[in-house]
Every structure is written in structure tokens, then in C-alpha cells.
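Here the structure comes first, spelled out in C-alpha cells, and everything after it is commentary.
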Amino acid sequence: AEEGKSCACGAGHFFEDNVPRLSCSGESSESCPCTPSVGSNDGTLSFEADPSDWDWQSCASIIISGVAPRVTVTSLQVQNVQLVLSLDECDDAGCMTYQSAPEEWISSSGWEYQSSTRHLRVRFEWYVYSSSGAVGSVVATWSTTSKAPGCSQCEADTYKTTTDAAGCTACPSNAVSAVGSTGLSSC
């Protein structure tokens, strides 16, 4: 399927756009650059703290979209600086609805987080607690698992009667259905 288009699927199935993306939210800066990406399953991010700016510094948020989005801190150099990551597991590509994970105070490389949702928003923040000799730089990688776009069965407790690009409909409360259900009567 082409970018931004969906395909019609049979009853009991919905179209799943699995094109991996990295999008940027907020302002990017020289020390915190963010370059959007579409179609790549992985990439590298590099950020630096501004040692002359004492206190909190925030970089633009990134949103990793795809199957099993993940972020990994591969290199971290800090002195008088602390790296803090804010993580949101999002229900949609714009992160309009999300569940926040606990903030992560990162002190060494090797830290990794994988989301169970299809969209993960990550905000890199620095806390510069002394500008004297402050150094803060991080290299992180992001990735998603590759899966071709296509039709998938409706999940349990949902159904779809039409053969268009619409999503699946939830069964009424206290009703259940099998995977791939094709009508309300299946609930």
C-alpha cells in the first residue's frame, strides 16, 4: 500500500499499516536534532547537553511508530549532568492518547525499553546540576520489527461486517467473540 492509503479487507479483518516511522514533536535544536524518517526499521540519535545552561534542558520528543518500537542508549558520557527519559506508550501516531511509563534516570549505556504498543514517544531531558565542567552526550538507537502492511484478523472481542478499510468494532460490554469475527451475532 502507498503511504497514507489503506486497503479494503474482508469481513473479520482490518488493514494494518506497518510502515515504520520516526517523527519529531516540538522544536529541534543544534544540540538536540531530530530528523523524521519513513520506511526505515532503525536509526541513530545523538544529543548533547548545553553546559552553559544550568538546570533542566529538554530535547524535541521523538515518536517511534511500528511493530514493537524500541529505544536503546548505546553510549552515554556524563559529568555533572543527568540524563532523564520520559516515555509514553501511545494509542495513535500523534500520541493524543497515551499511557506514561515511569521516568527513567539513565546513568550508563545499555539501557533499553521496548513498547507493547505501536507508538512510543521518547523525550530526552538533561538535568545539569553544575555548569562547572559539565559534559552530557548520548547516542541512542531506535528500531521497530519489520512487518509488511496488510490485512489482519480482528482481535478477540471485536468484529467487522464490512469489506472496506474500516477498523473492527468492539463487542458490547460483557460479550466476547473469537478472533476474526464477522458480525455482532458472533459476540
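Chain labels follow the order of the C-alpha cells: the first chain is A, the next B, and so on; residue numbering restarts at 1 in every chain, and ligands are counted from 1 in their shown order.
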Using 10 Å as the limit and counting only C-alpha atoms, can you tabulate each residue of range 8-93 of chain A that touches range 106-124 of chain A, with its shortest atom-to-atom distance in Å and the two atoms involved, as CSV?
```
residue,atom,partner,partner_atom,distance
A:Asn18,CA,A:Arg118,CA,9.0
A:Pro20,CA,A:Arg118,CA,9.5
A:Arg21,CA,A:His119,CA,9.3
A:Leu22,CA,A:His119,CA,9.6
A:Ser23,CA,A:Arg121,CA,9.2
A:Cys24,CA,A:Arg121,CA,9.2
A:Ser25,CA,A:Arg121,CA,9.0
A:Gly26,CA,A:Arg123,CA,9.9
A:Cys32,CA,A:Phe124,CA,8.7
A:Phe47,CA,A:Phe124,CA,8.2
A:Glu48,CA,A:Phe124,CA,9.9
A:Gln57,CA,A:Phe124,CA,8.7
A:Ser58,CA,A:Phe124,CA,6.2
A:Cys59,CA,A:Phe124,CA,5.5
A:Ala60,CA,A:Arg123,CA,6.5
A:Ser61,CA,A:Arg123,CA,4.4
A:Ile62,CA,A:Val122,CA,5.4
A:Ile63,CA,A:Arg121,CA,4.3
A:Ile64,CA,A:Leu120,CA,5.2
A:Ser65,CA,A:His119,CA,4.4
A:Gly66,CA,A:Arg118,CA,5.2
A:Val67,CA,A:Arg118,CA,5.4
A:Ala68,CA,A:Ser115,CA,5.8
A:Pro69,CA,A:Ser115,CA,5.6
A:Arg70,CA,A:Gln114,CA,4.2
A:Val71,CA,A:Tyr113,CA,5.5
A:Thr72,CA,A:Glu112,CA,4.2
A:Val73,CA,A:Ser109,CA,5.3
A:Thr74,CA,A:Ser109,CA,5.1
A:Ser75,CA,A:Ser109,CA,5.0
A:Leu76,CA,A:Ser109,CA,5.4
A:Gln77,CA,A:Ser108,CA,8.1
A:Val78,CA,A:Ser107,CA,8.1
A:Val81,CA,A:Ser107,CA,9.7
A:Gln82,CA,A:Ile106,CA,7.1
A:Leu83,CA,A:Ile106,CA,5.4
A:Val84,CA,A:Ile106,CA,6.0
A:Leu85,CA,A:Phe124,CA,5.0
A:Ser86,CA,A:Arg123,CA,5.1
A:Leu87,CA,A:Val122,CA,4.8
A:Asp88,CA,A:Arg121,CA,5.0
A:Glu89,CA,A:Leu120,CA,4.9
A:Cys90,CA,A:His119,CA,5.1
A:Asp91,CA,A:His119,CA,6.7
A:Asp92,CA,A:His119,CA,6.5
A:Ala93,CA,A:His119,CA,6.0
```
As number ranges by chain, please: every residue in range 3-167 of chain A that DSSP puts in strand (DSSP E). A: 13-16, 21-25, 37-38, 42-48, 55-65, 67-79, 81-90, 98-100, 104-106, 112-114, 119-128, 135-145, 150-153, 158-159
Go ahead and write the selection's residues with C-alpha atoms as a PDB file, in the first residue's frame.
```
ATOM      1  CA  HIS A  13     -10.203  -8.369   9.034  1.00  0.00           C
ATOM      2  CA  PHE A  14      -8.758  -4.835   9.172  1.00  0.00           C
ATOM      3  CA  PHE A  15      -5.941  -3.065   7.302  1.00  0.00           C
ATOM      4  CA  GLU A  16      -2.770  -2.720   9.329  1.00  0.00           C
ATOM      5  CA  ARG A  21       8.306   5.858  11.145  1.00  0.00           C
ATOM      6  CA  LEU A  22      10.276   8.224  13.326  1.00  0.00           C
ATOM      7  CA  SER A  23       8.518  11.549  13.789  1.00  0.00           C
ATOM      8  CA  CYS A  24       9.506  14.634  15.744  1.00  0.00           C
ATOM      9  CA  SER A  25       7.341  16.657  18.098  1.00  0.00           C
ATOM     10  CA  SER A  37      12.170   9.014   8.833  1.00  0.00           C
ATOM     11  CA  VAL A  38       9.639   6.854   6.959  1.00  0.00           C
ATOM     12  CA  ASP A  42      16.019   1.609  12.690  1.00  0.00           C
ATOM     13  CA  GLY A  43      18.202   4.652  13.158  1.00  0.00           C
ATOM     14  CA  THR A  44      20.592   6.508  15.438  1.00  0.00           C
ATOM     15  CA  LEU A  45      20.007   9.621  17.538  1.00  0.00           C
ATOM     16  CA  SER A  46      22.705  11.845  19.082  1.00  0.00           C
ATOM     17  CA  PHE A  47      22.045  14.569  21.641  1.00  0.00           C
ATOM     18  CA  GLU A  48      24.244  16.848  23.761  1.00  0.00           C
ATOM     19  CA  ASP A  55      19.157  23.279  35.301  1.00  0.00           C
ATOM     20  CA  TRP A  56      16.683  21.361  33.048  1.00  0.00           C
ATOM     21  CA  GLN A  57      17.063  21.099  29.274  1.00  0.00           C
ATOM     22  CA  SER A  58      14.631  19.282  27.003  1.00  0.00           C
ATOM     23  CA  CYS A  59      15.112  17.959  23.507  1.00  0.00           C
ATOM     24  CA  ALA A  60      12.339  17.526  20.984  1.00  0.00           C
ATOM     25  CA  SER A  61      10.229  14.449  21.562  1.00  0.00           C
ATOM     26  CA  ILE A  62      10.530  11.614  19.095  1.00  0.00           C
ATOM     27  CA  ILE A  63       7.739   9.194  18.249  1.00  0.00           C
ATOM     28  CA  ILE A  64       8.772   5.744  17.060  1.00  0.00           C
ATOM     29  CA  SER A  65       5.918   4.056  15.176  1.00  0.00           C
ATOM     30  CA  VAL A  67       5.678  -3.052  15.401  1.00  0.00           C
ATOM     31  CA  ALA A  68       7.370  -3.312  18.840  1.00  0.00           C
ATOM     32  CA  PRO A  69       9.059   0.142  18.909  1.00  0.00           C
ATOM     33  CA  ARG A  70      12.274   0.182  20.944  1.00  0.00           C
ATOM     34  CA  VAL A  71      14.868   2.720  22.112  1.00  0.00           C
ATOM     35  CA  THR A  72      18.336   1.780  23.388  1.00  0.00           C
ATOM     36  CA  VAL A  73      21.014   4.012  24.951  1.00  0.00           C
ATOM     37  CA  THR A  74      24.218   2.791  23.294  1.00  0.00           C
ATOM     38  CA  SER A  75      26.657   5.446  24.515  1.00  0.00           C
ATOM     39  CA  LEU A  76      26.434   7.860  27.431  1.00  0.00           C
ATOM     40  CA  GLN A  77      29.028  10.350  28.660  1.00  0.00           C
ATOM     41  CA  VAL A  78      28.043  12.475  31.629  1.00  0.00           C
ATOM     42  CA  GLN A  79      29.774  14.685  34.171  1.00  0.00           C
ATOM     43  CA  VAL A  81      24.759  16.090  34.162  1.00  0.00           C
ATOM     44  CA  GLN A  82      21.963  13.518  34.466  1.00  0.00           C
ATOM     45  CA  LEU A  83      20.035  12.088  31.502  1.00  0.00           C
ATOM     46  CA  VAL A  84      16.306  11.581  32.082  1.00  0.00           C
ATOM     47  CA  LEU A  85      13.990   9.860  29.604  1.00  0.00           C
ATOM     48  CA  SER A  86      10.232  10.394  29.617  1.00  0.00           C
ATOM     49  CA  LEU A  87       8.357   7.569  27.892  1.00  0.00           C
ATOM     50  CA  ASP A  88       4.761   7.406  26.674  1.00  0.00           C
ATOM     51  CA  GLU A  89       3.151   4.326  25.140  1.00  0.00           C
ATOM     52  CA  CYS A  90       0.718   5.816  22.623  1.00  0.00           C
ATOM     53  CA  TYR A  98      -1.156   7.541  25.824  1.00  0.00           C
ATOM     54  CA  GLN A  99      -0.064   5.791  28.989  1.00  0.00           C
ATOM     55  CA  SER A 100       3.051   7.243  30.643  1.00  0.00           C
ATOM     56  CA  GLU A 104      13.990   6.752  33.627  1.00  0.00           C
ATOM     57  CA  TRP A 105      17.124   8.330  35.122  1.00  0.00           C
ATOM     58  CA  ILE A 106      19.860   6.863  32.943  1.00  0.00           C
ATOM     59  CA  GLU A 112      16.716  -0.340  26.668  1.00  0.00           C
ATOM     60  CA  TYR A 113      12.933  -0.012  26.510  1.00  0.00           C
ATOM     61  CA  GLN A 114      10.504  -1.777  24.180  1.00  0.00           C
ATOM     62  CA  HIS A 119       3.800   4.043  19.035  1.00  0.00           C
ATOM     63  CA  LEU A 120       6.418   5.078  21.596  1.00  0.00           C
ATOM     64  CA  ARG A 121       7.097   8.735  22.439  1.00  0.00           C
ATOM     65  CA  VAL A 122      10.505   9.435  23.984  1.00  0.00           C
ATOM     66  CA  ARG A 123      11.690  12.787  25.360  1.00  0.00           C
ATOM     67  CA  PHE A 124      15.370  13.185  26.185  1.00  0.00           C
ATOM     68  CA  GLU A 125      15.986  15.638  29.032  1.00  0.00           C
ATOM     69  CA  TRP A 126      19.172  16.729  30.748  1.00  0.00           C
ATOM     70  CA  TYR A 127      19.500  17.908  34.291  1.00  0.00           C
ATOM     71  CA  VAL A 128      22.690  19.996  34.532  1.00  0.00           C
ATOM     72  CA  VAL A 135      29.508  17.171  29.912  1.00  0.00           C
ATOM     73  CA  GLY A 136      26.477  15.372  28.605  1.00  0.00           C
ATOM     74  CA  SER A 137      26.187  13.398  25.394  1.00  0.00           C
ATOM     75  CA  VAL A 138      24.117  10.396  24.436  1.00  0.00           C
ATOM     76  CA  VAL A 139      23.878   8.151  21.411  1.00  0.00           C
ATOM     77  CA  ALA A 140      20.714   6.087  21.212  1.00  0.00           C
ATOM     78  CA  THR A 141      19.279   3.750  18.630  1.00  0.00           C
ATOM     79  CA  TRP A 142      15.638   3.254  17.759  1.00  0.00           C
ATOM     80  CA  SER A 143      14.078   0.293  15.986  1.00  0.00           C
ATOM     81  CA  THR A 144      10.874  -1.493  15.075  1.00  0.00           C
ATOM     82  CA  THR A 145      10.219  -5.030  13.921  1.00  0.00           C
ATOM     83  CA  GLY A 150      -1.758  -5.930   5.007  1.00  0.00           C
ATOM     84  CA  CYS A 151      -4.971  -7.308   6.383  1.00  0.00           C
ATOM     85  CA  SER A 152      -5.058  -8.794   9.872  1.00  0.00           C
ATOM     86  CA  GLN A 153      -7.830 -10.628  11.689  1.00  0.00           C
ATOM     87  CA  THR A 158     -14.260  -7.405  18.237  1.00  0.00           C
ATOM     88  CA  TYR A 159     -15.913  -7.945  14.828  1.00  0.00           C
TER      89      TYR A 159
END
```
Using CA of Val176 in chain A and CA of Thr97 in chain A as the two end points, give the distance in Å to one decimal.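 Going from CA of Val176 in chain A over to CA of Thr97 in chain A covers 24.8 Å.
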Which residue gives the smallest distance to Cys9 in chain A among A:Ser177, A:Ser52, A:Thr163, A:Ser186, with only C-alpha atoms counted? A:Thr163
Which residue gives the smallest distance to Gly180 in chain A among A:Ala166, A:Gly94, A:Ala134, A:Gly10, with only C-alpha atoms counted? A:Gly10
Could you check the closest approach to Ser181 in chain A for each of A:Ala156, A:Ser132, A:Ala8, A:Gly167 and tell me which residue wins, using only C-alpha atoms?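 Counting only C-alpha atoms, the residue closest to Ser181 in chain A is A:Ala156.
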